[in-house]
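Reviewing the structure listed below.
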2 protein chains.
Amino acid sequence: MYLGAIEAGGTKFVLAVGNEKGDILEKKVIPTEHPDITIHKILAFFDGKGIERIGIGGFGPIDINDSSPTYGKLQKTPKTDWVDYPLGAKLKDGLNIPVIIDTDVNVAAMSEAKWGNAKDVDSCLYITVGTGIGAGAYFQGKTLKGLSHSEMGHIKVRRHPDDTYAGTCPYHGDCLEGIAAGPSLEKRWGKKGVELADDPKVWEMEAFYLAQALTNYIYILSPERIIMGGGVMKQKQLFPLIRKNVLEMLNGYVSSPYLTEKEIDHYIVSPGLTDEAGVKGALYLAMQ
Amino acid sequence: MYLGAIEAGGTKFVLAVGNEKGDILEKKVIPTEHPDITIHKILAFFDGKGIERIGIGGFGPIDINDSSPTYGKLQKTPKTDWVDYPLGAKLKDGLNIPVIIDTDVNVAAMSEAKWGNAKDVDSCLYITVGTGIGAGAYFQGKTLKGLSHSEMGHIKVRRHPDDTYAGTCPYHGDCLEGIAAGPSLEKRWGKKGVELADDPKVWEMEAFYLAQALTNYIYILSPERIIMGGGVMKQKQLFPLIRKNVLEMLNGYVSSPYLTEKEIDHYIVSPGLTDEAGVKGALYLAMQ
């Protein structure tokens, strides 16, 4: 059986044909343009490929409630051309097959749980720290959704005493994304993250913010593994700083062998899948 | 079929016999004493009643991982007599029937989802604000658990500018529970919550803290309803203050008709079940 998979991102779309075993058989990357152009390219790629279902891991906010009349519709994304674009409906009409949609981060969490660094446990949280901060949770065989999808990057954490930066979030100013995503690093310190690699105070502050968020996620969700990806997390010096801060903040309250100095290196980890995490997660959606 | 149910609390245990339809047929309340005394009373109550399974909603922290060798064992509870007490194993050995254990707040969330104020939706969060602050989440037919159970009362929120109180939590000082549970109200203001009912600044500060927590829970979990119970929430003036603060803090970011001035009264609500929520939730555990 052939299945379709789309990783729909703000800068590029990854299109793939795979099979029910999770193998990617053919792949194409296209830039994210005006939705009328992009949808045309997507339909052209899948035309005649014989796919029976298609899974999409989408940028958002996007309606992922499959009983909603606007399932698969983009919401108030900063990509203004895409606001209110009915991506799910357009694909369903154009391809005439079932379309299954979840968020990019939920799909990445699912992909890590199936094939990546959480394949030995039953639940995980996947966090990306890049242009924005987002996270997806996979628990008890499903991604977590309710009223809407998670928007974990928008929680507020306490400010670092040395930080006076106002924050970049247009909705919340100094929420986590507003003070710890890539753009805030550049605006606070006057240089891009990669150019700040040797400045310890930058990463101590960043770890202080991200560790507070992780501590809250642990108290609220209690995932069995936390996977951190995205451009900012390529600064590998962040990992030991975050782990140390998380243990200090939890202060021994949550009983788990993972939450100890000895084991935390195996609890807060990098992604196991690299470039294909998104599109493989979308394929896994179609497999279910 | 007869089923057993126990609501195990720090001050009292509610014991009940029910049936597979969720009816409570017989009930007894006993004080929480030394575990050796309490277990004896529990076994005596259920002796000869012909129950086939028993569900327990327990105070904690408690091991609720059913594949763990210490399933049903209390952990570092402030009730020192009960630390490391193997409640689950003692009941299993004494009654010789399957024992199903979850936390008191998870069981309350389940109970509200089945019979209470969340019976029309698929997910909910139940929060109790009393001697401590705890919350349970019910999603996709199950309570949320992973590495351990949730400890949502221990997240940190930003301090109110007028609040200099250090906080009561022995682990985290000024975490949410440390600054917003009943004992912190009494220590900060010098009187019990009930005696402060007419002082608006008390409830404005309390609502500021609880609304921050709810906003974080919404971003992270996205529940379809939030139910707030416990002694502090008997101050009904808190509800409109919390709802107003939550809407201001979200600032329109999460798209949902519930998160509007018109509908939020139906989103953040009181419990639908009163005295029997815990024991009925425990019965529902045994029914599954």
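Lettering and numbering for the structure tokens are positional, with chains as A, B, ... in the shown order, residues counted from 1 in each chain, and ligands counted from 1 in the shown order.
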
Inset, instruction - Determine which residues of stretch 49-151 of chain B DSSP labels as alpha helix (DSSP H) from the backbone of this structure, then write them out as a PyMOL selection string. - result: chain B and resi 87-95+104-115

Inset, instruction - When you get a sec, could you note down which chain A residues fall within 7 Å of chain B, using only C-alpha atoms, as a ChimeraX atom specification? - result: /A:123,145-152,154-155,157-158,171,216,219-224,251,253

Give me a file of those residues, with N, CA, C and O atoms, as a PDB file, in the first residue's frame.
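This is the output file again_30.pdb:
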```
ATOM      1  N   SER A 123       5.932   7.240  26.542  1.00  0.00           N
ATOM      2  CA  SER A 123       5.494   8.633  26.402  1.00  0.00           C
ATOM      3  C   SER A 123       6.710   9.517  26.219  1.00  0.00           C
ATOM      4  O   SER A 123       7.802   9.192  26.699  1.00  0.00           O
ATOM      5  N   LYS A 145      -4.189  16.050  22.561  1.00  0.00           N
ATOM      6  CA  LYS A 145      -4.991  17.160  22.062  1.00  0.00           C
ATOM      7  C   LYS A 145      -6.297  17.235  22.833  1.00  0.00           C
ATOM      8  O   LYS A 145      -6.755  16.246  23.394  1.00  0.00           O
ATOM      9  N   GLY A 146      -6.872  18.429  22.885  1.00  0.00           N
ATOM     10  CA  GLY A 146      -8.124  18.615  23.616  1.00  0.00           C
ATOM     11  C   GLY A 146      -8.905  19.704  22.931  1.00  0.00           C
ATOM     12  O   GLY A 146      -9.359  19.553  21.799  1.00  0.00           O
ATOM     13  N   LEU A 147      -9.033  20.818  23.626  1.00  0.00           N
ATOM     14  CA  LEU A 147      -9.725  21.985  23.089  1.00  0.00           C
ATOM     15  C   LEU A 147      -9.072  22.401  21.775  1.00  0.00           C
ATOM     16  O   LEU A 147      -9.717  22.768  20.813  1.00  0.00           O
ATOM     17  N   SER A 148      -7.762  22.378  21.758  1.00  0.00           N
ATOM     18  CA  SER A 148      -6.965  22.714  20.586  1.00  0.00           C
ATOM     19  C   SER A 148      -5.666  21.923  20.743  1.00  0.00           C
ATOM     20  O   SER A 148      -5.604  20.991  21.516  1.00  0.00           O
ATOM     21  N   HIS A 149      -4.620  22.299  20.007  1.00  0.00           N
ATOM     22  CA  HIS A 149      -3.341  21.639  20.261  1.00  0.00           C
ATOM     23  C   HIS A 149      -2.548  22.454  21.276  1.00  0.00           C
ATOM     24  O   HIS A 149      -2.885  23.590  21.580  1.00  0.00           O
ATOM     25  N   SER A 150      -1.499  21.842  21.789  1.00  0.00           N
ATOM     26  CA  SER A 150      -0.651  22.516  22.769  1.00  0.00           C
ATOM     27  C   SER A 150       0.007  23.749  22.160  1.00  0.00           C
ATOM     28  O   SER A 150       0.269  23.802  20.958  1.00  0.00           O
ATOM     29  N   GLU A 151       0.272  24.711  22.993  1.00  0.00           N
ATOM     30  CA  GLU A 151       1.032  25.907  22.612  1.00  0.00           C
ATOM     31  C   GLU A 151       2.038  26.147  23.740  1.00  0.00           C
ATOM     32  O   GLU A 151       2.065  27.204  24.358  1.00  0.00           O
ATOM     33  N   MET A 152       2.857  25.109  23.978  1.00  0.00           N
ATOM     34  CA  MET A 152       3.676  25.096  25.194  1.00  0.00           C
ATOM     35  C   MET A 152       4.720  26.192  25.236  1.00  0.00           C
ATOM     36  O   MET A 152       5.211  26.532  26.314  1.00  0.00           O
ATOM     37  N   HIS A 154       4.246  29.209  24.866  1.00  0.00           N
ATOM     38  CA  HIS A 154       3.701  30.492  25.325  1.00  0.00           C
ATOM     39  C   HIS A 154       3.460  30.558  26.832  1.00  0.00           C
ATOM     40  O   HIS A 154       2.849  31.514  27.312  1.00  0.00           O
ATOM     41  N   ILE A 155       3.930  29.566  27.579  1.00  0.00           N
ATOM     42  CA  ILE A 155       3.832  29.678  29.044  1.00  0.00           C
ATOM     43  C   ILE A 155       4.762  30.804  29.515  1.00  0.00           C
ATOM     44  O   ILE A 155       5.711  31.164  28.833  1.00  0.00           O
ATOM     45  N   VAL A 157       7.505  32.006  32.319  1.00  0.00           N
ATOM     46  CA  VAL A 157       8.430  31.535  33.353  1.00  0.00           C
ATOM     47  C   VAL A 157       8.962  32.774  34.068  1.00  0.00           C
ATOM     48  O   VAL A 157       8.793  33.899  33.590  1.00  0.00           O
ATOM     49  N   ARG A 158       9.580  32.561  35.206  1.00  0.00           N
ATOM     50  CA  ARG A 158      10.103  33.719  35.948  1.00  0.00           C
ATOM     51  C   ARG A 158      11.311  34.303  35.228  1.00  0.00           C
ATOM     52  O   ARG A 158      12.101  33.582  34.630  1.00  0.00           O
ATOM     53  N   TYR A 171       1.854  38.493  21.111  1.00  0.00           N
ATOM     54  CA  TYR A 171       0.684  38.280  21.969  1.00  0.00           C
ATOM     55  C   TYR A 171       0.984  38.462  23.447  1.00  0.00           C
ATOM     56  O   TYR A 171       0.146  38.914  24.208  1.00  0.00           O
ATOM     57  N   ASN A 216       8.191  22.738  34.570  1.00  0.00           N
ATOM     58  CA  ASN A 216       6.725  22.827  34.518  1.00  0.00           C
ATOM     59  C   ASN A 216       6.132  21.682  33.691  1.00  0.00           C
ATOM     60  O   ASN A 216       5.132  21.077  34.078  1.00  0.00           O
ATOM     61  N   TYR A 219       6.157  18.543  35.800  1.00  0.00           N
ATOM     62  CA  TYR A 219       5.112  18.523  36.825  1.00  0.00           C
ATOM     63  C   TYR A 219       3.733  18.286  36.215  1.00  0.00           C
ATOM     64  O   TYR A 219       2.886  17.637  36.809  1.00  0.00           O
ATOM     65  N   ILE A 220       3.497  18.854  35.053  1.00  0.00           N
ATOM     66  CA  ILE A 220       2.151  18.798  34.471  1.00  0.00           C
ATOM     67  C   ILE A 220       1.938  17.520  33.672  1.00  0.00           C
ATOM     68  O   ILE A 220       0.892  16.878  33.780  1.00  0.00           O
ATOM     69  N   LEU A 221       2.917  17.124  32.869  1.00  0.00           N
ATOM     70  CA  LEU A 221       2.726  15.996  31.952  1.00  0.00           C
ATOM     71  C   LEU A 221       3.426  14.709  32.397  1.00  0.00           C
ATOM     72  O   LEU A 221       2.995  13.628  32.025  1.00  0.00           O
ATOM     73  N   SER A 222       4.548  14.844  33.087  1.00  0.00           N
ATOM     74  CA  SER A 222       5.329  13.680  33.513  1.00  0.00           C
ATOM     75  C   SER A 222       5.723  12.752  32.348  1.00  0.00           C
ATOM     76  O   SER A 222       5.503  11.545  32.401  1.00  0.00           O
ATOM     77  N   PRO A 223       6.327  13.302  31.292  1.00  0.00           N
ATOM     78  CA  PRO A 223       6.729  12.445  30.170  1.00  0.00           C
ATOM     79  C   PRO A 223       7.880  11.521  30.574  1.00  0.00           C
ATOM     80  O   PRO A 223       8.671  11.865  31.461  1.00  0.00           O
ATOM     81  N   GLU A 224       7.988  10.386  29.902  1.00  0.00           N
ATOM     82  CA  GLU A 224       9.075   9.449  30.213  1.00  0.00           C
ATOM     83  C   GLU A 224      10.383   9.819  29.514  1.00  0.00           C
ATOM     84  O   GLU A 224      11.433   9.250  29.819  1.00  0.00           O
ATOM     85  N   ASN A 251      14.381  19.750  42.825  1.00  0.00           N
ATOM     86  CA  ASN A 251      14.825  19.572  44.215  1.00  0.00           C
ATOM     87  C   ASN A 251      14.385  18.221  44.801  1.00  0.00           C
ATOM     88  O   ASN A 251      13.945  18.138  45.953  1.00  0.00           O
ATOM     89  N   TYR A 253      11.824  16.395  44.238  1.00  0.00           N
ATOM     90  CA  TYR A 253      10.407  16.183  44.542  1.00  0.00           C
ATOM     91  C   TYR A 253       9.768  15.036  43.765  1.00  0.00           C
ATOM     92  O   TYR A 253       8.921  14.325  44.285  1.00  0.00           O
TER      93      TYR A 253
END
```

Inset, instruction - Measure the distance from atom CA of B:Ala286 to atom CA of B:Ile6 in Å and round it to one decimal. - result: 10.0 Å

Inset, instruction - Just give me the gap between atom CA of A:Val232 and atom CA of A:Ala282 in Å, one decimal is fine. - result: 23.6 Å

Legend entry - Distance criterion (only C-alpha atoms): nearest to A:Ile56 out of A:His40, A:Arg243, A:Lys79, A:Lys92: A:Lys92
